[in-house]
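Student: Following this message is one structure expressed as structure tokens.
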Amino acid sequence: MTESQTEQTPIQQVQTEGKALEQAFERFVRFSDPAAVAELDLETTIALQRELAEVRTSRLGKKSAWATKKKLIGRVAPSERPVVGQLVQEIEDKILTMADTIELNLKAHIDQERTARESIDVTLPGRRPAYGHRHPITIVRERIEDIFVALGYVIEDGREIETDFYNFTALNIPDNHPARGEADTFYTTDGFALRSQTSTVQIHAMQRRGVPIRMIAPGRVFRRDTPDPTHNPMFFQVEGLCVDRGITMAHLKGTVTEMLRRMFGADIVTRFRPSYFPFTEPSAEFDFSCFKCKGAGCRICKNSGWIELGGSGMVHPNVLRTVGVDPQVYSGFAFGFGIDRMCALMYELDDIRLLFENDVRFLEQFE
Amino acid sequence: MFISYNWLKEITPSQLSPQELREHLTMVGLAIDAVEHHDHDAVLDVEVPSNRPDCLSHVGIAREVAVIERKQVNLPPIGAFKTEGRAADLTSVEIKDVDLCPRYAARLVRGVKIGPSPEWLAKRLETIGQRPINNVADITNYVLHELGQPLHAFDFHKLAGPKIVVRRAAAGEKLKTLDGVERVLTSDMLVIADADRPVALAGIMGGEDSEISTATTDVLIESAYFDPNSVRRTARQLGMDTEASRRFERGADRDGVLRAQERCVQLICELAGGVATDWLDVYPQPFVSRTVKFRPQRVPELTSVSVAPAEIVRIVAGLGFELVNETAEKLHLKVPSWRVDVEQEEDLVEEVARHTGYDKIGSELPPATASGEYQPSEMKQRLLRRALNAFGFDEAISFSFTSKQTDDQPELKNPIIEEAAYMRATLLPGLLDSLRHNLNHGIRDVRLFEIGRVFAPASAGELPHEKLALGIVATGGAIEANKAQAERELDFFDVKGALETAVDWMSLNPLSFTPTAASHLRVGQSARIKLSDGTEIGTIGRLAETVAANYKFRYPIYVLELDLDALLSAPVRTVQYRSLPRYPSVVRDISLLVNRTIALDDLLNAVKEKQVADFRGVKLVGTFEGGNIPSSKRSVTLRLEYRSDDRTLRDEEVEERHAQLTSSLLDTFAAQQR
């Protein structure tokens, strides 16, 4: 303690120390204003926060000069005590209030800066391997299967290499029919045929399951077509068959129409035209109203408003007899169409050879 | 088949416009590809179904139009013409092969003057796309398009004999046909011959030697019926397709032979002059028309539409069926000779239905009687596809026929793509070709899989074996979605991991992988894939350099192929709940320095087999090679878990058990602890 201090009255001493305190905190004062804090960078703010805490400890802590002065209250005359006490309190309150405010400002700024610094770009890609894609043939096949399973059909499949009996004879295709020729159908050197339609599965399924039956058979078929934008020597077909008592062409029309509505939309209408297939009698080809232009005429429907899709008819009595079903008791309908053709329509494919080239740039365009 | 609108209206008085005809004919099964307008006429391009040869003529189409419009068909009238002399006095007809030619009629017209056709005839032929030649040839062509019966005119004086012999050709016999091509014949081809040599290819094309020329004065008109199969076979063998062959091979009208000839002869006399003889008609076994019983109630039974009996009779009568007998329940109908397609009742149902209109048939779903059902493996296959998709594999579909891959592949007798004459025995070559295709287009990161059948020959006379296979090929980087560059290169474990995940998704037991050597795989990076019961189902690995070199692949390619039928029929994993542990586990890591030849599976199995008390499981922490580790060795770190079901294990207990296992491993594998 200096000589001069001992000569000061307690009040003076307190006032002097109070001044010293204010001085110690002076460089922090401007940070009472949050706007001043906002200009600081994170590191400076953290340093300030630390310094403030240090100053607070050194100047206001138990071992500080101020703490020593506070003890004067006990030593002054009782009459002066309230005055000294009040003065001490005033000074301390002022300093503490200011320090608290600054500290809060600093802390808020630090939190804010930290959060900003740790923010992420939520538009960066999620962490995952590039996703692969189902083949469009699979996408369409699965949709068709789902529709027919919902309609109470079983899904069937048979062999891809077939005997003459299943590929032709059982389907009432006469011995001299051009489809049997080597120009149209592939044969192995052993004389077996690569199935030229999934109708073969009708026969296997009726032999195995008997009737009544409701089934569809999607699968690969082969015909000796030279590849071009609308032909491939291999393609995929769906064959449908429903045999029961009392089945009529109205059921055929209803079923095919229902499928097309589920595939292409509830506003689709169908058109059945008489045609000829050896395995059905009466026979019909079916068209549906263009899903794209709604019948107004466009590229997909070649301006006709109609899209030709497949063949159908009432199962030929000779076919039923072949599998031991009495055509006087049972009747049935069958239909068939190309999955590739449906793909070409749905995705507006202008060259179906792309389907089997497995170009990743093509495959990636599907689901 | 081109149909002239004006010509058609001469046969039936249609009141429909060409466009209306197009719509109506389409709806009775005769699709019209196009309507072309010529001056004062229109041409309909009719797509005639292969079972309706009778519609390959104006009269045939007119018959359909007449039924549509409830009108009559007026067959072209045959006017009077001069006849003189008997054909039998001038020539003879002998059929040696009645099986191939059931009927042959010949008639002469003498004193004709060959010249151009009158304008109306030439024009009419041109309208339907036929090139006029001379009056006699044009008349035969005209009658063919009018009535559907192919005819041929010979220059009578060029026939040796003069006579007609219908016989099979002698093997090697030659004939120069009208198109100037010399044909070498085989013994199953039917020819029309004179006394010496073939003068026409029966039902297909005449010979050049007996062709009508401006010098011709007497003509012999042939009208016949040839066996459809014989005509088809011969035409195919010789690569020929003519107006005549197209009709004969589908089936001509046996009973229309004479009428067509009469019509032709009449037109020749009228337009080229000349006098006709009578005719020679060799027809040893006249055709007997079929009679078909027809119960009208079959119409609603099959189509759901009831048609009044009178309307049924109107339709079938209009189409030429003759009502032989009628009862309350059924009609007996005689099938006209030109309707080669009608054999039974259902055929008549179609006749009635198509002329009633398919649009009159309602539309309803059949009553549901059973629940739907997927193929037994379909759901597993869907999971397999989606799991592989999730790992970045695109689904490929390749042709089932390929080049020769092994000595054991079913071979195609008639491939369409020269280098693809065998049924594939494996999916990999197709997938590798696809990989090549992508690399050629500058795409370096390719992951493909295919699910499809592969084939193997069975014993002689048996159908080849077919089974479903899964193939995978992968190359390039492990690409992440929406990122331009791969984080790292793909390797064996990417393919293995994708398959393992797929197997998990399919709820199957885990597969095992054992090192193997396979000729198409690189040594040291190849494995057999086995089901949990040990059945081997396929291989996985890096493509051998020798194979990769054939495809000019410069980067590592990883491939997998397995028997998918076997995988799909593996038993589904059963899940049974285990109670949760009540006491804590303790884990201890151990790092072993072992020979590189020791597989992780060997270590794991050894740990499990030791059956140390309270041992609960072991997992790989990691492997480390290189650094200060000798090149023949690697370090493997395992984490072992110990736990008791009835108390918390004390440290000493764990240490004791772990020491047991550790020393056993060190001994078994001559390992050092790191």
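Here, A, B, ... name the chains of the structure tokens in the order displayed, residue numbers run from 1 inside each chain, and ligands are numbered from 1 in the same displayed order.
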Among segment 358-604 of chain B, which residues does DSSP mark as strand (DSSP E) when it is run on the backbone? Keep the chain and numbering as in the structure and answer as a PyMOL selection string.
Tutor: chain B and resi 394-395+401-402+422-423+446-456+465-475+512-515+521-530+536-543+557-563+586-595
Student: Set the distance at 7 Å and use only C-alpha atoms: which residues neighbour Arg220 of chain A once local chain neighbours fewer than 2 positions away are removed? I'd like the list as a VMD selection string.
Tutor: chain A and resid 160 222 234 to 237
Student: Write down as a ChimeraX atom specification the residues belonging to segment 8-221 of chain A that are assigned alpha helix (DSSP H) by DSSP computed on the backbone.
Tutor: /A:10-29,34-38,42-60,65-70,81-117,136-150,164-167,200-209
Student: The selected residues should be written to file as an mmCIF file, in the first residue's frame (atoms: C-alpha atoms).
Tutor:
data_model
loop_
_atom_site.group_PDB
_atom_site.id
_atom_site.type_symbol
_atom_site.label_atom_id
_atom_site.label_comp_id
_atom_site.auth_asym_id
_atom_site.auth_seq_id
_atom_site.Cartn_x
_atom_site.Cartn_y
_atom_site.Cartn_z
ATOM 1 C CA PRO A 10 -12.095 4.825 2.934
ATOM 2 C CA ILE A 11 -14.572 6.439 0.543
ATOM 3 C CA GLN A 12 -11.769 7.960 -1.437
ATOM 4 C CA GLN A 13 -9.955 4.699 -1.457
ATOM 5 C CA VAL A 14 -13.010 2.932 -2.797
ATOM 6 C CA GLN A 15 -13.506 5.611 -5.418
ATOM 7 C CA THR A 16 -9.890 5.386 -6.517
ATOM 8 C CA GLU A 17 -10.054 1.614 -6.843
ATOM 9 C CA GLY A 18 -13.384 1.961 -8.625
ATOM 10 C CA LYS A 19 -11.693 4.159 -11.229
ATOM 11 C CA ALA A 20 -8.898 1.599 -11.636
ATOM 12 C CA LEU A 21 -11.513 -1.089 -12.184
ATOM 13 C CA GLU A 22 -13.278 0.899 -14.861
ATOM 14 C CA GLN A 23 -9.965 1.417 -16.555
ATOM 15 C CA ALA A 24 -9.176 -2.298 -16.495
ATOM 16 C CA PHE A 25 -12.487 -3.023 -18.250
ATOM 17 C CA GLU A 26 -12.396 -0.049 -20.531
ATOM 18 C CA ARG A 27 -11.126 -1.800 -23.625
ATOM 19 C CA PHE A 28 -14.113 -4.195 -23.427
ATOM 20 C CA VAL A 29 -16.734 -1.516 -23.026
ATOM 21 C CA PRO A 34 -23.664 -6.354 -30.167
ATOM 22 C CA ALA A 35 -23.019 -4.511 -33.427
ATOM 23 C CA ALA A 36 -19.389 -4.066 -32.396
ATOM 24 C CA VAL A 37 -19.090 -7.780 -31.602
ATOM 25 C CA ALA A 38 -20.627 -8.733 -34.915
ATOM 26 C CA LEU A 42 -14.310 -16.095 -34.527
ATOM 27 C CA GLU A 43 -10.699 -16.310 -33.308
ATOM 28 C CA THR A 44 -10.629 -12.680 -32.043
ATOM 29 C CA THR A 45 -13.916 -13.180 -30.247
ATOM 30 C CA ILE A 46 -12.672 -16.320 -28.522
ATOM 31 C CA ALA A 47 -9.481 -14.450 -27.443
ATOM 32 C CA LEU A 48 -11.576 -11.559 -26.136
ATOM 33 C CA GLN A 49 -13.820 -13.919 -24.233
ATOM 34 C CA ARG A 50 -10.761 -15.477 -22.601
ATOM 35 C CA GLU A 51 -9.213 -12.075 -21.800
ATOM 36 C CA LEU A 52 -12.433 -10.814 -20.324
ATOM 37 C CA ALA A 53 -12.636 -13.829 -18.059
ATOM 38 C CA GLU A 54 -9.028 -13.260 -16.991
ATOM 39 C CA VAL A 55 -9.591 -9.594 -16.247
ATOM 40 C CA ARG A 56 -12.694 -10.453 -14.346
ATOM 41 C CA THR A 57 -10.813 -12.946 -12.187
ATOM 42 C CA SER A 58 -7.814 -10.741 -11.642
ATOM 43 C CA ARG A 59 -9.814 -7.580 -10.937
ATOM 44 C CA LEU A 60 -12.877 -8.851 -9.201
ATOM 45 C CA ALA A 65 -7.288 -5.272 -5.040
ATOM 46 C CA TRP A 66 -10.996 -4.622 -5.235
ATOM 47 C CA ALA A 67 -11.694 -7.509 -2.839
ATOM 48 C CA THR A 68 -9.247 -5.945 -0.421
ATOM 49 C CA LYS A 69 -11.047 -2.633 -0.670
ATOM 50 C CA LYS A 70 -14.384 -4.278 -0.063
ATOM 51 C CA ARG A 81 -20.779 2.006 6.693
ATOM 52 C CA PRO A 82 -23.981 2.431 4.708
ATOM 53 C CA VAL A 83 -22.357 5.051 2.514
ATOM 54 C CA VAL A 84 -19.249 3.000 1.842
ATOM 55 C CA GLY A 85 -21.323 -0.113 1.398
ATOM 56 C CA GLN A 86 -23.582 1.565 -1.107
ATOM 57 C CA LEU A 87 -20.651 2.969 -3.035
ATOM 58 C CA VAL A 88 -18.990 -0.442 -3.257
ATOM 59 C CA GLN A 89 -22.212 -1.966 -4.414
ATOM 60 C CA GLU A 90 -22.803 0.693 -7.053
ATOM 61 C CA ILE A 91 -19.339 0.328 -8.541
ATOM 62 C CA GLU A 92 -19.441 -3.439 -8.543
ATOM 63 C CA ASP A 93 -22.957 -3.594 -10.010
ATOM 64 C CA LYS A 94 -21.975 -1.298 -12.822
ATOM 65 C CA ILE A 95 -18.871 -3.258 -13.712
ATOM 66 C CA LEU A 96 -20.536 -6.678 -13.394
ATOM 67 C CA THR A 97 -23.577 -5.698 -15.425
ATOM 68 C CA MET A 98 -21.312 -4.444 -18.180
ATOM 69 C CA ALA A 99 -19.062 -7.530 -18.064
ATOM 70 C CA ASP A 100 -22.069 -9.880 -18.156
ATOM 71 C CA THR A 101 -23.514 -8.078 -21.124
ATOM 72 C CA ILE A 102 -20.236 -8.243 -22.998
ATOM 73 C CA GLU A 103 -19.776 -11.861 -22.151
ATOM 74 C CA LEU A 104 -23.228 -12.721 -23.431
ATOM 75 C CA ASN A 105 -22.563 -10.766 -26.595
ATOM 76 C CA LEU A 106 -19.278 -12.562 -27.149
ATOM 77 C CA LYS A 107 -20.773 -15.973 -26.451
ATOM 78 C CA ALA A 108 -23.703 -15.395 -28.768
ATOM 79 C CA HIS A 109 -21.328 -14.270 -31.476
ATOM 80 C CA ILE A 110 -19.068 -17.286 -30.972
ATOM 81 C CA ASP A 111 -22.051 -19.681 -31.207
ATOM 82 C CA GLN A 112 -23.261 -17.966 -34.303
ATOM 83 C CA GLU A 113 -19.862 -17.977 -35.978
ATOM 84 C CA ARG A 114 -19.229 -21.602 -35.077
ATOM 85 C CA THR A 115 -22.610 -22.684 -36.471
ATOM 86 C CA ALA A 116 -21.960 -20.757 -39.636
ATOM 87 C CA ARG A 117 -18.556 -22.309 -40.036
ATOM 88 C CA PRO A 136 -37.261 -51.821 -70.001
ATOM 89 C CA ILE A 137 -38.471 -55.284 -71.029
ATOM 90 C CA THR A 138 -38.401 -56.292 -67.356
ATOM 91 C CA ILE A 139 -40.194 -53.128 -66.276
ATOM 92 C CA VAL A 140 -43.040 -53.748 -68.715
ATOM 93 C CA ARG A 141 -43.147 -57.497 -68.036
ATOM 94 C CA GLU A 142 -43.425 -56.963 -64.290
ATOM 95 C CA ARG A 143 -46.232 -54.442 -64.744
ATOM 96 C CA ILE A 144 -48.146 -56.826 -66.981
ATOM 97 C CA GLU A 145 -47.646 -59.682 -64.531
ATOM 98 C CA ASP A 146 -48.869 -57.517 -61.660
ATOM 99 C CA ILE A 147 -52.008 -56.600 -63.592
ATOM 100 C CA PHE A 148 -52.860 -60.180 -64.448
ATOM 101 C CA VAL A 149 -52.081 -61.592 -61.016
ATOM 102 C CA ALA A 150 -54.513 -58.992 -59.674
ATOM 103 C CA ASP A 164 -42.689 -79.500 -83.327
ATOM 104 C CA PHE A 165 -45.748 -80.707 -81.417
ATOM 105 C CA TYR A 166 -45.845 -77.844 -78.910
ATOM 106 C CA ASN A 167 -44.687 -75.138 -81.274
ATOM 107 C CA THR A 200 -46.682 -73.108 -76.623
ATOM 108 C CA VAL A 201 -47.135 -72.481 -72.912
ATOM 109 C CA GLN A 202 -50.944 -72.716 -73.330
ATOM 110 C CA ILE A 203 -50.547 -76.357 -74.169
ATOM 111 C CA HIS A 204 -48.091 -77.172 -71.375
ATOM 112 C CA ALA A 205 -50.189 -75.278 -68.838
ATOM 113 C CA MET A 206 -53.477 -76.922 -69.802
ATOM 114 C CA GLN A 207 -51.831 -80.337 -69.772
ATOM 115 C CA ARG A 208 -50.360 -79.734 -66.335
ATOM 116 C CA ARG A 209 -53.114 -77.731 -64.653
#
Student: List the neighbours of Asp190 of chain A out to 10 Å using only C-alpha atoms; skip same-chain residues closer than 2 positions along the sequence, and give me the result as a ChimeraX atom specification.
Tutor: /A:187-188,192-193 /B:410-413,457,460-464
Student: Quick one: distance from atom CA of Leu125 of chain B to atom CA of Ser4 of chain B in Å, one decimal?
Tutor: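 Atom-to-atom, atom CA of Leu125 of chain B and atom CA of Ser4 of chain B are spaced 9.2 Å apart.
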Student: Rank nothing, just name the residue among A:Phe168, A:Phe366, A:Tyr131, A:Phe333 nearest to chain B, using only C-alpha atoms.
Tutor: A:Tyr131
Student: Ranking A:Gly295, A:Gly311, A:Gly126, A:Gly240 by minimum distance to chain B and counting only C-alpha atoms, which one comes first?
Tutor: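 When distances to chain B are compared using only C-alpha atoms, the smallest one comes from A:Gly126.
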Student: May I ask for the distance between atom CA of Asp602 of chain B and atom CA of Val473 of chain B, given in Å to one decimal place?
Tutor: 28.4 Å
Student: Under the rule that only C-alpha atoms are counted, which of A:Pro227, A:Pro178, A:Gly219, A:Pro274 is the nearest residue to chain B?
Tutor: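 Nearest to chain B: A:Pro274.
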Student: Near Ser526 of chain B, counting only C-alpha atoms, which residues have an atom at most 10 Å away, once you skip same-chain residues fewer than 5 positions from it, shown as a list in words?
Tutor: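 Counting only C-alpha atoms, the residues come to Phe492, Phe513, Thr514, Pro515, Thr516, Ala517, Ala518, His520, Leu521, Thr539, Ile540, Gly541, Arg542, Leu543, Ala544, Tyr558, Val559 and Leu560 of chain B.
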Student: Quick one: of A:Ser283, A:Ser119, A:Ser304, A:Thr198, who's nearest to chain B, counting only C-alpha atoms?
Tutor: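 That would be A:Ser283, the residue with the smallest distance to chain B.
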